[in-house]
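Undergrad: Structure file model.txt, compact mmCIF, C-alpha atoms and all ligand atoms, is pasted below:
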```txt
# COMPACT_ATOMS: atom_id res chain seq x y z
CA MET A 1 0.00 0.00 0.00
CA VAL A 2 1.27 3.43 -0.77
CA PRO A 3 0.62 6.22 1.75
CA MET A 4 0.43 9.92 0.88
CA MET A 5 3.39 10.78 3.13
CA ASP A 6 6.71 8.91 3.37
CA LEU A 7 7.38 6.81 6.43
CA THR A 8 10.27 8.92 7.77
CA GLN A 9 8.16 12.07 7.85
CA ALA A 10 5.17 10.18 9.28
CA ILE A 11 7.27 8.71 12.11
CA GLU A 12 8.78 12.12 12.91
CA LEU A 13 5.31 13.65 13.16
CA CYS A 14 4.01 10.82 15.34
CA THR A 15 7.09 10.93 17.62
CA PHE A 16 6.58 14.58 18.57
CA CYS A 17 2.82 14.51 18.65
CA PRO A 18 0.51 14.92 21.66
CA ARG A 19 -1.23 11.77 20.32
CA LEU A 20 -4.47 13.35 19.23
CA CYS A 21 -5.60 10.06 17.75
CA SER A 22 -5.09 7.78 20.78
CA ASP A 23 -8.75 7.63 21.75
CA ARG A 24 -9.77 6.71 18.19
CA CYS A 25 -7.86 3.49 17.65
CA PRO A 26 -10.25 0.54 18.14
CA VAL A 27 -7.37 -1.86 18.84
CA SER A 28 -5.72 0.25 21.53
CA LEU A 29 -9.12 1.04 23.06
CA VAL A 30 -10.12 -2.58 23.57
CA GLU A 31 -6.65 -3.91 24.41
CA ALA A 32 -5.95 -0.93 26.72
CA ARG A 33 -2.20 -1.26 26.11
CA GLU A 34 0.21 1.57 25.40
CA THR A 35 2.14 -0.58 22.91
CA VAL A 36 -0.74 -0.61 20.44
CA THR A 37 -1.60 3.10 20.26
CA PRO A 38 -1.06 4.42 16.72
CA GLN A 39 1.96 6.41 17.93
CA ALA A 40 3.61 3.39 19.58
CA LYS A 41 2.95 1.19 16.55
CA MET A 42 4.51 3.81 14.27
CA ALA A 43 7.58 4.00 16.54
CA TRP A 44 7.82 0.20 16.42
CA LEU A 45 7.60 0.28 12.64
CA GLY A 46 10.50 2.75 12.57
CA LEU A 47 12.69 0.30 14.52
CA LEU A 48 11.62 -2.58 12.31
CA ARG A 49 12.52 -0.60 9.21
CA GLN A 50 15.96 0.31 10.50
CA GLN A 51 16.46 -3.23 11.79
CA VAL A 52 17.63 -1.74 15.09
CA PRO A 53 18.99 -4.71 17.06
CA GLU A 54 17.62 -5.66 20.46
CA ALA A 55 19.99 -5.78 23.45
CA PRO A 56 22.58 -8.60 23.16
CA GLY A 57 21.04 -11.95 23.98
CA ALA A 58 17.44 -10.66 23.73
CA PRO A 59 14.99 -12.51 21.46
CA PRO A 60 14.41 -11.01 17.99
CA ARG A 61 12.18 -7.94 17.94
CA SER A 62 8.53 -8.91 17.64
CA THR A 63 6.71 -7.73 14.53
CA LEU A 64 3.29 -8.21 16.18
CA PRO A 65 2.50 -4.47 16.64
CA VAL A 66 2.27 -3.94 12.86
CA TYR A 67 -0.55 -6.49 12.83
CA ALA A 68 -2.48 -4.71 15.62
CA CYS A 69 -4.41 -2.57 13.15
CA THR A 70 -7.63 -2.88 11.15
CA GLY A 71 -6.62 -0.23 8.61
CA CYS A 72 -9.74 1.67 9.67
CA GLY A 73 -8.29 5.16 9.15
CA ALA A 74 -9.88 6.58 12.33
CA CYS A 75 -6.46 7.84 13.49
CA THR A 76 -5.97 9.73 10.21
CA GLN A 77 -9.39 11.33 10.61
CA ALA A 78 -8.28 12.70 14.00
CA CYS A 79 -4.75 13.68 12.89
CA LEU A 80 -4.05 17.34 12.07
CA HIS A 81 -1.22 16.23 9.76
CA ARG A 82 -3.27 13.54 8.06
CA VAL A 83 -0.65 10.88 8.87
CA GLU A 84 -1.92 7.45 7.76
CA PRO A 85 -0.73 4.86 10.33
CA GLY A 86 -3.18 2.33 8.89
CA VAL A 87 -1.55 2.45 5.46
CA HIS A 88 2.02 2.54 6.86
CA LEU A 89 1.38 -0.38 9.22
CA LEU A 90 -0.08 -2.50 6.46
CA ALA A 91 2.99 -1.72 4.35
CA GLY A 92 5.09 -2.66 7.42
CA ARG A 93 3.77 -6.19 7.13
CA ALA A 94 5.62 -6.52 3.82
CA LEU A 95 8.77 -5.59 5.75
CA ALA A 96 7.98 -8.26 8.34
CA GLU A 97 7.52 -10.84 5.55
CA GLU A 98 10.85 -9.73 3.99
CA GLN A 99 12.54 -10.27 7.34
CA GLN A 100 10.84 -13.69 7.57
CA ALA A 101 9.03 -12.51 10.65
CA GLY A 102 5.47 -12.46 9.30
CA HIS A 103 2.50 -13.25 11.56
CA PRO A 104 2.18 -17.05 12.04
CA ALA A 105 -1.59 -16.91 11.45
CA LEU A 106 -0.90 -15.64 7.92
CA ALA A 107 1.64 -18.31 6.97
CA ASP A 108 0.81 -19.72 3.56
CA LEU A 109 -1.83 -17.05 2.91
CA PRO A 110 -1.21 -16.84 -0.88
CA ARG A 111 -1.89 -20.57 -1.28
CA ARG A 112 -5.01 -20.35 0.90
CA GLN A 113 -6.18 -17.32 -1.07
CA ARG A 114 -5.93 -19.23 -4.37
CA ALA A 115 -7.78 -22.24 -2.95
CA ARG A 116 -10.52 -20.04 -1.52
CA GLY A 117 -10.82 -18.21 -4.85
CA ARG A 118 -11.28 -21.47 -6.74
CA ALA A 119 -13.94 -22.65 -4.28
CA ALA A 120 -15.82 -19.33 -4.57
CA ALA A 121 -15.71 -19.41 -8.39
CA ALA A 122 -17.04 -22.98 -8.43
CA GLU A 123 -19.85 -21.95 -6.10
CA VAL A 124 -20.84 -19.00 -8.30
CA ALA A 125 -20.65 -21.14 -11.47
CA GLY A 126 -22.99 -23.66 -9.82
CA ALA A 127 -25.48 -20.96 -8.82
CA VAL A 128 -25.62 -18.79 -11.96
CA PRO A 129 -26.40 -19.91 -15.53
CA GLU A 130 -23.58 -19.39 -18.01
CA GLN A 131 -25.50 -16.78 -20.04
CA ARG A 132 -25.53 -14.54 -16.92
CA ARG A 133 -21.72 -14.86 -16.51
CA ARG A 134 -20.46 -13.46 -19.79
CA PRO A 135 -16.96 -11.90 -19.67
CA ASP A 136 -18.09 -9.21 -22.15
CA ALA A 137 -21.26 -8.18 -20.26
CA PRO A 138 -21.32 -4.37 -20.01
CA VAL A 139 -22.32 -4.41 -16.31
CA ALA A 140 -21.16 -7.18 -13.98
CA TYR A 141 -21.35 -7.81 -10.24
CA LEU A 142 -18.54 -9.34 -8.16
CA PRO A 143 -20.17 -11.11 -5.17
CA PRO A 144 -17.91 -10.97 -2.09
CA CYS A 145 -16.25 -14.14 -0.86
CA LEU A 146 -17.46 -13.46 2.71
CA ALA A 147 -21.10 -12.80 1.69
CA GLN A 148 -23.78 -14.17 3.97
CA GLY A 149 -24.61 -17.66 2.63
CA GLY A 150 -21.57 -17.57 0.30
CA PRO A 151 -20.81 -15.83 -3.01
CA GLY A 152 -23.12 -18.13 -5.02
CA GLU A 153 -26.09 -17.19 -2.85
CA ASP A 154 -25.14 -13.51 -3.07
CA ALA A 155 -24.90 -13.69 -6.88
CA ARG A 156 -28.42 -15.19 -6.95
CA ARG A 157 -29.69 -12.35 -4.72
CA MET A 158 -28.28 -9.77 -7.10
CA LEU A 159 -29.80 -11.36 -10.22
CA GLN A 160 -33.14 -11.72 -8.46
CA LEU A 161 -33.14 -8.04 -7.56
CA ALA A 162 -32.01 -6.95 -11.03
CA ASP A 163 -34.77 -9.05 -12.63
CA ARG A 164 -37.43 -7.64 -10.29
CA ALA A 165 -36.33 -4.06 -10.96
CA PRO A 166 -35.17 -3.78 -14.59
CA GLY A 167 -34.69 -0.01 -14.17
CA LEU A 168 -31.62 -0.83 -12.06
CA SER A 169 -29.43 -1.88 -14.96
CA GLY A 170 -30.65 0.62 -17.57
CA GLU A 171 -29.94 -0.64 -21.10
CA ALA A 172 -27.66 -3.49 -20.03
CA PRO A 173 -28.96 -6.42 -17.97
CA MET A 174 -26.91 -7.25 -14.86
CA SER A 175 -24.45 -10.15 -15.14
CA ILE A 176 -22.15 -11.83 -12.66
CA ALA A 177 -18.40 -11.41 -13.21
CA ALA A 178 -16.92 -14.58 -14.75
CA THR A 179 -13.71 -14.42 -12.70
CA ASP A 180 -11.83 -17.34 -11.18
CA SER A 181 -12.20 -15.79 -7.71
CA SER A 182 -14.66 -13.58 -5.81
CA CYS A 183 -11.89 -11.40 -4.42
CA ALA A 184 -9.74 -8.65 -5.94
CA GLY A 185 -6.84 -9.61 -3.64
CA TYR A 186 -7.16 -7.43 -0.52
CA PRO A 187 -5.98 -10.20 1.89
CA LEU A 188 -2.70 -10.55 -0.02
CA LEU A 189 -1.89 -6.85 0.22
CA ALA A 190 -3.11 -6.55 3.82
CA GLY A 191 -1.02 -9.59 4.75
CA GLY A 192 2.18 -8.07 3.34
CA PHE A 193 2.47 -10.39 0.30
CA VAL A 194 3.11 -7.57 -2.16
CA GLU A 195 4.55 -9.51 -5.09
CA ASP A 196 1.83 -12.17 -4.85
CA PHE A 197 -0.69 -9.32 -4.79
CA ARG A 198 0.75 -7.66 -7.90
CA LEU A 199 0.65 -10.90 -9.91
CA TYR A 200 -2.86 -11.67 -8.65
CA ALA A 201 -4.00 -8.13 -9.53
CA GLU A 202 -2.65 -8.36 -13.09
CA ASP A 203 -4.53 -11.60 -13.61
CA PHE A 204 -7.73 -10.29 -12.03
CA ALA A 205 -7.62 -7.06 -14.09
CA ARG A 206 -7.33 -9.16 -17.28
CA GLN A 207 -10.40 -11.18 -16.29
CA VAL A 208 -12.64 -8.14 -15.78
CA ALA A 209 -11.34 -6.12 -18.76
CA GLY A 210 -14.40 -7.01 -20.88
CA HIS A 211 -16.83 -5.12 -18.61
CA ALA A 212 -17.55 -1.40 -18.82
CA THR A 213 -18.80 -1.29 -15.20
CA LEU A 214 -17.85 -3.60 -12.36
CA VAL A 215 -20.08 -3.46 -9.28
CA VAL A 216 -18.23 -4.81 -6.24
CA GLY A 217 -19.88 -6.09 -3.06
CA CYS A 218 -16.81 -5.79 -0.80
CA PRO A 219 -15.69 -2.27 0.25
CA ALA A 220 -12.05 -3.35 0.74
CA CYS A 221 -11.91 -4.75 -2.81
CA ALA A 222 -13.63 -1.64 -4.25
CA TRP A 223 -11.04 0.53 -2.47
CA LEU A 224 -8.26 -1.75 -3.67
CA LEU A 225 -9.35 -1.66 -7.32
CA ARG A 226 -9.81 2.11 -7.29
CA THR A 227 -6.77 3.21 -5.31
CA GLN A 228 -4.19 0.41 -4.97
CA TYR A 229 -4.23 -1.32 -8.37
CA PRO A 230 -3.13 1.91 -10.13
CA LEU A 231 -0.47 2.57 -7.45
CA HIS A 232 0.95 -0.91 -8.11
CA GLY A 233 1.03 -0.28 -11.87
CA VAL A 234 -2.05 -2.38 -12.70
CA PRO A 235 -4.64 -0.52 -14.82
CA VAL A 236 -8.30 -1.45 -14.31
CA ARG A 237 -10.46 -1.04 -17.41
CA PRO A 238 -14.02 -1.11 -15.99
CA HIS A 239 -15.47 1.74 -14.00
CA VAL A 240 -15.54 0.29 -10.46
CA LEU A 241 -18.49 1.05 -8.19
CA HIS A 242 -19.31 -0.35 -4.80
CA LEU A 243 -22.75 -1.98 -4.57
CA ALA A 244 -24.00 0.86 -2.33
CA GLU A 245 -23.06 3.45 -4.97
CA TRP A 246 -24.72 1.50 -7.75
CA LEU A 247 -27.93 0.92 -5.78
CA GLY A 248 -27.86 4.54 -4.61
CA ARG A 249 -27.74 5.80 -8.21
CA HIS A 250 -30.85 3.80 -8.99
CA ALA A 251 -32.66 4.19 -5.66
CA GLU A 252 -35.88 5.24 -7.42
CA ALA A 253 -36.02 1.92 -9.26
CA LEU A 254 -35.68 -0.23 -6.14
CA PRO A 255 -38.66 -2.45 -5.33
CA GLU A 256 -40.74 -2.53 -2.15
CA THR A 257 -39.23 -4.49 0.74
CA PRO A 258 -40.63 -6.23 3.79
CA PRO A 259 -40.68 -3.63 6.62
CA LEU A 260 -37.35 -3.44 8.47
CA GLY A 261 -38.48 -1.65 11.61
CA ARG A 262 -36.13 0.68 13.48
CA THR A 263 -32.85 0.32 11.58
CA ALA A 264 -29.31 1.67 11.97
CA TYR A 265 -26.69 1.76 9.22
CA HIS A 266 -23.09 0.81 10.05
CA ASP A 267 -20.49 2.66 7.92
CA PRO A 268 -17.73 0.24 6.78
CA CYS A 269 -14.31 1.93 7.11
CA TYR A 270 -13.08 1.22 3.57
CA LEU A 271 -16.33 2.48 2.05
CA GLY A 272 -16.69 5.54 4.29
CA ARG A 273 -13.28 6.98 5.19
CA GLY A 274 -11.70 4.96 2.35
CA LEU A 275 -13.92 6.03 -0.57
CA GLY A 276 -16.08 8.79 0.93
CA VAL A 277 -19.36 6.90 0.38
CA TYR A 278 -21.81 7.85 3.14
CA GLU A 279 -25.11 9.04 1.70
CA GLU A 280 -25.79 6.46 -1.03
CA PRO A 281 -26.45 3.51 1.33
CA ARG A 282 -28.66 5.75 3.46
CA ALA A 283 -30.64 6.73 0.34
CA VAL A 284 -31.07 3.03 -0.46
CA LEU A 285 -32.28 2.30 3.07
CA GLY A 286 -34.64 5.25 2.86
CA ARG A 287 -36.60 3.06 0.38
CA ALA A 288 -36.83 0.27 2.93
CA THR A 289 -37.59 1.97 6.23
CA ALA A 290 -38.98 5.23 7.52
CA ALA A 291 -37.24 4.60 10.84
CA LEU A 292 -33.56 4.95 9.95
CA CYS A 293 -31.42 5.98 12.91
CA GLU A 294 -27.70 6.38 13.54
CA PHE A 295 -24.96 4.87 15.68
CA ALA A 296 -23.59 7.39 18.19
CA ARG A 297 -20.53 7.69 15.94
CA ASN A 298 -21.34 7.66 12.25
CA ARG A 299 -20.10 8.69 8.81
CA GLN A 300 -16.49 10.08 9.04
CA GLU A 301 -16.47 9.47 12.81
CA ALA A 302 -17.81 5.91 12.67
CA THR A 303 -15.90 3.31 14.68
CA CYS A 304 -14.65 0.09 13.18
CA ALA A 305 -16.37 -3.31 13.55
CA GLY A 306 -13.00 -5.09 13.80
CA GLY A 307 -13.05 -7.02 10.52
CA GLY A 308 -10.37 -5.14 8.54
CA ALA A 309 -6.73 -5.91 7.73
CA LEU A 310 -7.07 -9.59 8.70
CA LEU A 311 -7.47 -8.80 12.43
CA PRO A 312 -10.03 -11.65 12.84
CA LEU A 313 -7.18 -14.01 11.84
CA THR A 314 -4.29 -12.39 13.71
CA ALA A 315 -6.12 -11.33 16.91
CA PRO A 316 -9.63 -12.89 16.99
CA GLU A 317 -10.36 -11.90 20.61
CA THR A 318 -9.52 -8.26 19.91
CA ALA A 319 -11.62 -8.29 16.73
CA ARG A 320 -14.59 -9.66 18.69
CA ALA A 321 -14.21 -7.08 21.44
CA ILE A 322 -14.14 -4.26 18.86
CA ALA A 323 -17.43 -5.50 17.37
CA GLU A 324 -18.98 -5.59 20.85
CA GLU A 325 -17.89 -2.00 21.47
CA ARG A 326 -19.39 -0.93 18.14
CA LEU A 327 -22.80 -2.36 19.03
CA ARG A 328 -22.73 -0.48 22.36
CA GLU A 329 -23.04 2.70 20.26
CA LEU A 330 -26.51 1.74 19.00
CA PRO A 331 -29.45 3.87 20.12
CA PRO A 332 -32.16 1.99 22.03
CA GLY A 333 -34.84 -0.04 20.26
CA VAL A 334 -32.91 -0.91 17.09
CA GLU A 335 -34.29 -4.09 15.49
CA THR A 336 -32.02 -4.26 12.44
CA VAL A 337 -28.50 -3.18 11.59
CA VAL A 338 -27.65 -2.91 7.91
CA THR A 339 -24.13 -2.62 6.57
CA ALA A 340 -22.56 -2.59 3.12
CA CYS A 341 -19.64 -4.86 4.01
CA PRO A 342 -19.73 -8.67 4.42
CA SER A 343 -16.82 -8.61 6.86
CA CYS A 344 -18.53 -6.01 9.11
CA GLN A 345 -21.73 -8.05 8.86
CA ARG A 346 -19.94 -11.16 10.15
CA GLN A 347 -18.28 -9.23 12.94
CA LEU A 348 -21.48 -7.58 14.19
CA ALA A 349 -23.70 -10.65 13.75
CA GLY A 350 -21.17 -12.66 15.78
CA VAL A 351 -21.76 -10.60 18.94
CA ALA A 352 -23.97 -12.39 21.47
CA GLY A 353 -27.37 -10.67 21.70
CA ALA A 354 -26.80 -8.62 18.52
CA PRO A 355 -29.89 -7.40 16.65
CA ARG A 356 -30.51 -8.82 13.17
CA VAL A 357 -27.64 -7.76 10.84
CA LEU A 358 -28.29 -7.58 7.09
CA GLY A 359 -26.30 -6.79 3.97
CA LEU A 360 -27.77 -4.36 1.41
CA LEU A 361 -28.94 -7.05 -1.02
CA GLU A 362 -30.63 -9.02 1.77
CA VAL A 363 -32.79 -5.98 2.51
CA PHE A 364 -34.43 -6.42 -0.89
CA GLN A 365 -34.60 -10.19 -0.85
CA GLU A 366 -38.11 -11.63 -1.31
S1 LIG A 401 -1.23 9.74 13.48
FE1 LIG A 401 -1.23 11.96 13.79
S2 LIG A 401 -2.32 12.28 15.73
FE2 LIG A 401 -1.70 10.10 15.66
S3 LIG A 401 0.30 10.02 16.73
FE3 LIG A 401 0.72 10.26 14.52
S4 LIG A 401 0.91 12.49 14.19
FE4 LIG A 401 -0.12 12.17 16.18
S1 LIG A 402 -5.89 2.59 11.17
FE1 LIG A 402 -7.40 2.21 12.80
S2 LIG A 402 -6.67 0.33 13.84
FE2 LIG A 402 -4.94 1.13 12.59
S3 LIG A 402 -3.74 2.40 13.99
FE3 LIG A 402 -5.22 3.75 12.96
S4 LIG A 402 -7.03 3.83 14.32
FE4 LIG A 402 -5.75 2.06 14.95
```
Would you encode the structure as structure tokens?
TA:
Amino acid sequence: MVPMMDLTQAIELCTFCPRLCSDRCPVSLVEARETVTPQAKMAWLGLLRQQVPEAPGAPPRSTLPVYACTGCGACTQACLHRVEPGVHLLAGRALAEEQQAGHPALADLPRRQRARGRAAAAEVAGAVPEQRRRPDAPVAYLPPCLAQGGPGEDARRMLQLADRAPGLSGEAPMSIAATDSSCAGYPLLAGGFVEDFRLYAEDFARQVAGHATLVVGCPACAWLLRTQYPLHGVPVRPHVLHLAEWLGRHAEALPETPPLGRTAYHDPCYLGRGLGVYEEPRAVLGRATAALCEFARNRQEATCAGGGALLPLTAPETARAIAEERLRELPPGVETVVTACPSCQRQLAGVAGAPRVLGLLEVFQE
């Protein structure tokens, strides 16, 4: 990942800072440890980069602090200098991999990613007829690998909705992307496997080059395709939209839904702070409920649900505690939480006693 500011300048700013962002970091809030504040993690990254040796006889320096981050960007939102610890820390994982000190939970991630991609593609192929998976379809949807019920079920939901509301696709009927994976490669980049990511991205970009518009169900992959592919020298031909943007553009054409009751929308970090998409999903939900309410922190100030940057793999307890904290911000009487991210949906739905948690397509499911 490529941050706006170089690491040396970012570390200097963090070192002399009164730590304006400390109370924003979901990881340091739930772990309540000084070593995982954004400032401390940046200082740690500086030592890792310089390969500053530990005292003689001490064990090798741990790389764990660079994994104590969800990439949520809340620290940057609070920072007067707009330092991006989330982006720097994710890039620091590549350094850890180079030094053969990557996180043990991510060992073999590229192989697992390929296997998971193949399984997702087979699932989608089994769920969607071939004529709805044409590589030259003008508009195609990429169902997320973590979708509720799996990517095949999510692809079916999308086609069902598009068929019920033809105004959604305009001239071109909606298709499902005929890719050999349901993921644009975010886990590889977030895990620090930069070269694997670049090769994966080149292959994925070739597979979607026949579409004019690619609608993506995962905010992290939408962010990746729009901001990180070009930075890694991989051009993306289709115009990439997140599902919430695409539905928001066609909100008038959306069909009636079963009533949702009092509903709150959770802003996913990569869609909100990452791509600046806040109002479109709310416009979509405005079609489904007259009782839309807000988390105490929302839009730019929204707190993370703990699902980003592979935290559920590297620190599952912390990820769970972050999701619990997020649900404590709900106003009373909420029956349904809707989010535009399958990873956030998993995180929030996994909290004991959580209200019903839906993805955007599920809202319109018959
Ligand atoms: S990210 Fe900004 S606010 Fe946070 S420690 Fe660094 S300079 Fe300070
Ligand atoms: S990006 Fe989020 S999780 Fe990472 S250091 Fe900043 S506030 Fe903490």
Undergrad: Any residue with an atom at most 6 Å from ligand LIG 401 (chain A) counts, using all atoms listed in the file. Which are they? Put them as a PDB file with C-alpha atoms, in the coordinates of the input.
TA:
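The result, stored in result-v1.pdb:
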```pdb
ATOM      1  CA  LEU A  13       5.310  13.650  13.160  1.00  0.00           C
ATOM      2  CA  CYS A  14       4.010  10.820  15.340  1.00  0.00           C
ATOM      3  CA  CYS A  17       2.820  14.510  18.650  1.00  0.00           C
ATOM      4  CA  ARG A  19      -1.230  11.770  20.320  1.00  0.00           C
ATOM      5  CA  LEU A  20      -4.470  13.350  19.230  1.00  0.00           C
ATOM      6  CA  CYS A  21      -5.600  10.060  17.750  1.00  0.00           C
ATOM      7  CA  PRO A  38      -1.060   4.420  16.720  1.00  0.00           C
ATOM      8  CA  GLN A  39       1.960   6.410  17.930  1.00  0.00           C
ATOM      9  CA  CYS A  75      -6.460   7.840  13.490  1.00  0.00           C
ATOM     10  CA  THR A  76      -5.970   9.730  10.210  1.00  0.00           C
ATOM     11  CA  CYS A  79      -4.750  13.680  12.890  1.00  0.00           C
ATOM     12  CA  HIS A  81      -1.220  16.230   9.760  1.00  0.00           C
ATOM     13  CA  VAL A  83      -0.650  10.880   8.870  1.00  0.00           C
ATOM     14  CA  PRO A  85      -0.730   4.860  10.330  1.00  0.00           C
TER      15      PRO A  85
END
```
Undergrad: Just the number, please: distance in Å from atom CA of Gln345 of chain A to atom CA of Leu358 of chain A, one decimal.
TA: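 Atom CA of Leu358 of chain A lies 6.8 Å from atom CA of Gln345 of chain A.
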Undergrad: Could you name the residues that touch Tyr186 of chain A at 9 Å or less, counting all atoms listed in the file, but leaving out those on the same chain fewer than 4 positions away, as a PyMOL selection string?
TA: chain A and resi 190-191+197+220-221+224+309
Undergrad: Hey, which residues sit close to ligand LIG 402 (chain A)? Say within 6 Å, counting only C-alpha atoms and all ligand atoms, and write them as a list in words.
TA: Arg24, Cys25, Pro26, Val27, Pro38, Cys69, Thr70, Gly71, Cys72, Gly73, Ala74, Cys75, Pro85 and Gly86 of chain A
Undergrad: Save out the residues we just selected, C-alpha atoms, as a PDB file, in the coordinates of the input.
TA:
```
ATOM      1  CA  ARG A  24      -9.770   6.710  18.190  1.00  0.00           C
ATOM      2  CA  CYS A  25      -7.860   3.490  17.650  1.00  0.00           C
ATOM      3  CA  PRO A  26     -10.250   0.540  18.140  1.00  0.00           C
ATOM      4  CA  VAL A  27      -7.370  -1.860  18.840  1.00  0.00           C
ATOM      5  CA  PRO A  38      -1.060   4.420  16.720  1.00  0.00           C
ATOM      6  CA  CYS A  69      -4.410  -2.570  13.150  1.00  0.00           C
ATOM      7  CA  THR A  70      -7.630  -2.880  11.150  1.00  0.00           C
ATOM      8  CA  GLY A  71      -6.620  -0.230   8.610  1.00  0.00           C
ATOM      9  CA  CYS A  72      -9.740   1.670   9.670  1.00  0.00           C
ATOM     10  CA  GLY A  73      -8.290   5.160   9.150  1.00  0.00           C
ATOM     11  CA  ALA A  74      -9.880   6.580  12.330  1.00  0.00           C
ATOM     12  CA  CYS A  75      -6.460   7.840  13.490  1.00  0.00           C
ATOM     13  CA  PRO A  85      -0.730   4.860  10.330  1.00  0.00           C
ATOM     14  CA  GLY A  86      -3.180   2.330   8.890  1.00  0.00           C
TER      15      GLY A  86
END
```
Undergrad: Near Pro230 of chain A, within 12 Å and counting only C-alpha atoms, which residues show up once chain neighbours fewer than 2 positions away are dropped, as a PyMOL selection string?
TA: chain A and resi 1-2+198+201-202+205+223-228+232-237
Undergrad: Point out the residue among A:Ala68, A:Val36, A:Cys304, A:Ala78 with the least atom-to-atom distance to Pro18 of chain A, counting only C-alpha atoms.
TA: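 Among the listed residues, the smallest separation from Pro18 of chain A belongs to A:Ala78.
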Undergrad: Quick one: residues within 12 Å of Ala32 of chain A, all atoms listed in the file counted, chain neighbours fewer than 2 positions away excluded, as number ranges by chain?
TA: A: 22-23, 25-30, 34-37, 318, 321-322
Undergrad: Just write the chosen residues, C-alpha atoms, as a PDB file, in the coordinates of the input.
TA:
```pdb
ATOM      1  CA  SER A  22      -5.090   7.780  20.780  1.00  0.00           C
ATOM      2  CA  ASP A  23      -8.750   7.630  21.750  1.00  0.00           C
ATOM      3  CA  CYS A  25      -7.860   3.490  17.650  1.00  0.00           C
ATOM      4  CA  PRO A  26     -10.250   0.540  18.140  1.00  0.00           C
ATOM      5  CA  VAL A  27      -7.370  -1.860  18.840  1.00  0.00           C
ATOM      6  CA  SER A  28      -5.720   0.250  21.530  1.00  0.00           C
ATOM      7  CA  LEU A  29      -9.120   1.040  23.060  1.00  0.00           C
ATOM      8  CA  VAL A  30     -10.120  -2.580  23.570  1.00  0.00           C
ATOM      9  CA  GLU A  34       0.210   1.570  25.400  1.00  0.00           C
ATOM     10  CA  THR A  35       2.140  -0.580  22.910  1.00  0.00           C
ATOM     11  CA  VAL A  36      -0.740  -0.610  20.440  1.00  0.00           C
ATOM     12  CA  THR A  37      -1.600   3.100  20.260  1.00  0.00           C
ATOM     13  CA  THR A 318      -9.520  -8.260  19.910  1.00  0.00           C
ATOM     14  CA  ALA A 321     -14.210  -7.080  21.440  1.00  0.00           C
ATOM     15  CA  ILE A 322     -14.140  -4.260  18.860  1.00  0.00           C
TER      16      ILE A 322
END
```
Undergrad: My list of candidates is A:Leu142, A:Val208, A:Ala251, A:Ala302. Which is closest to Arg282 of chain A when distances are computed with all atoms listed in the file?
TA: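 Ranked by minimum distance to Arg282 of chain A, first place goes to A:Ala251.
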Undergrad: Between A:Ala10, A:Ala177, A:Ala352, A:Leu189, which residue has the minimum interatomic distance to Ala137 of chain A, considering all atoms listed in the file?
TA: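 Among the listed residues, A:Ala177 lies closest to Ala137 of chain A.
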Undergrad: Go through A:Leu199, A:Val66, A:Leu271, A:Ile176 and flag the residue nearest Gly102 of chain A, using only C-alpha atoms for the distances.
TA: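 Among the listed residues, the smallest separation from Gly102 of chain A belongs to A:Val66.
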Undergrad: Which of these, A:Leu106, A:Ala264, A:Leu47, A:Ala165, has the shortest distance to Pro187 of chain A once you count only C-alpha atoms?
TA: A:Leu106
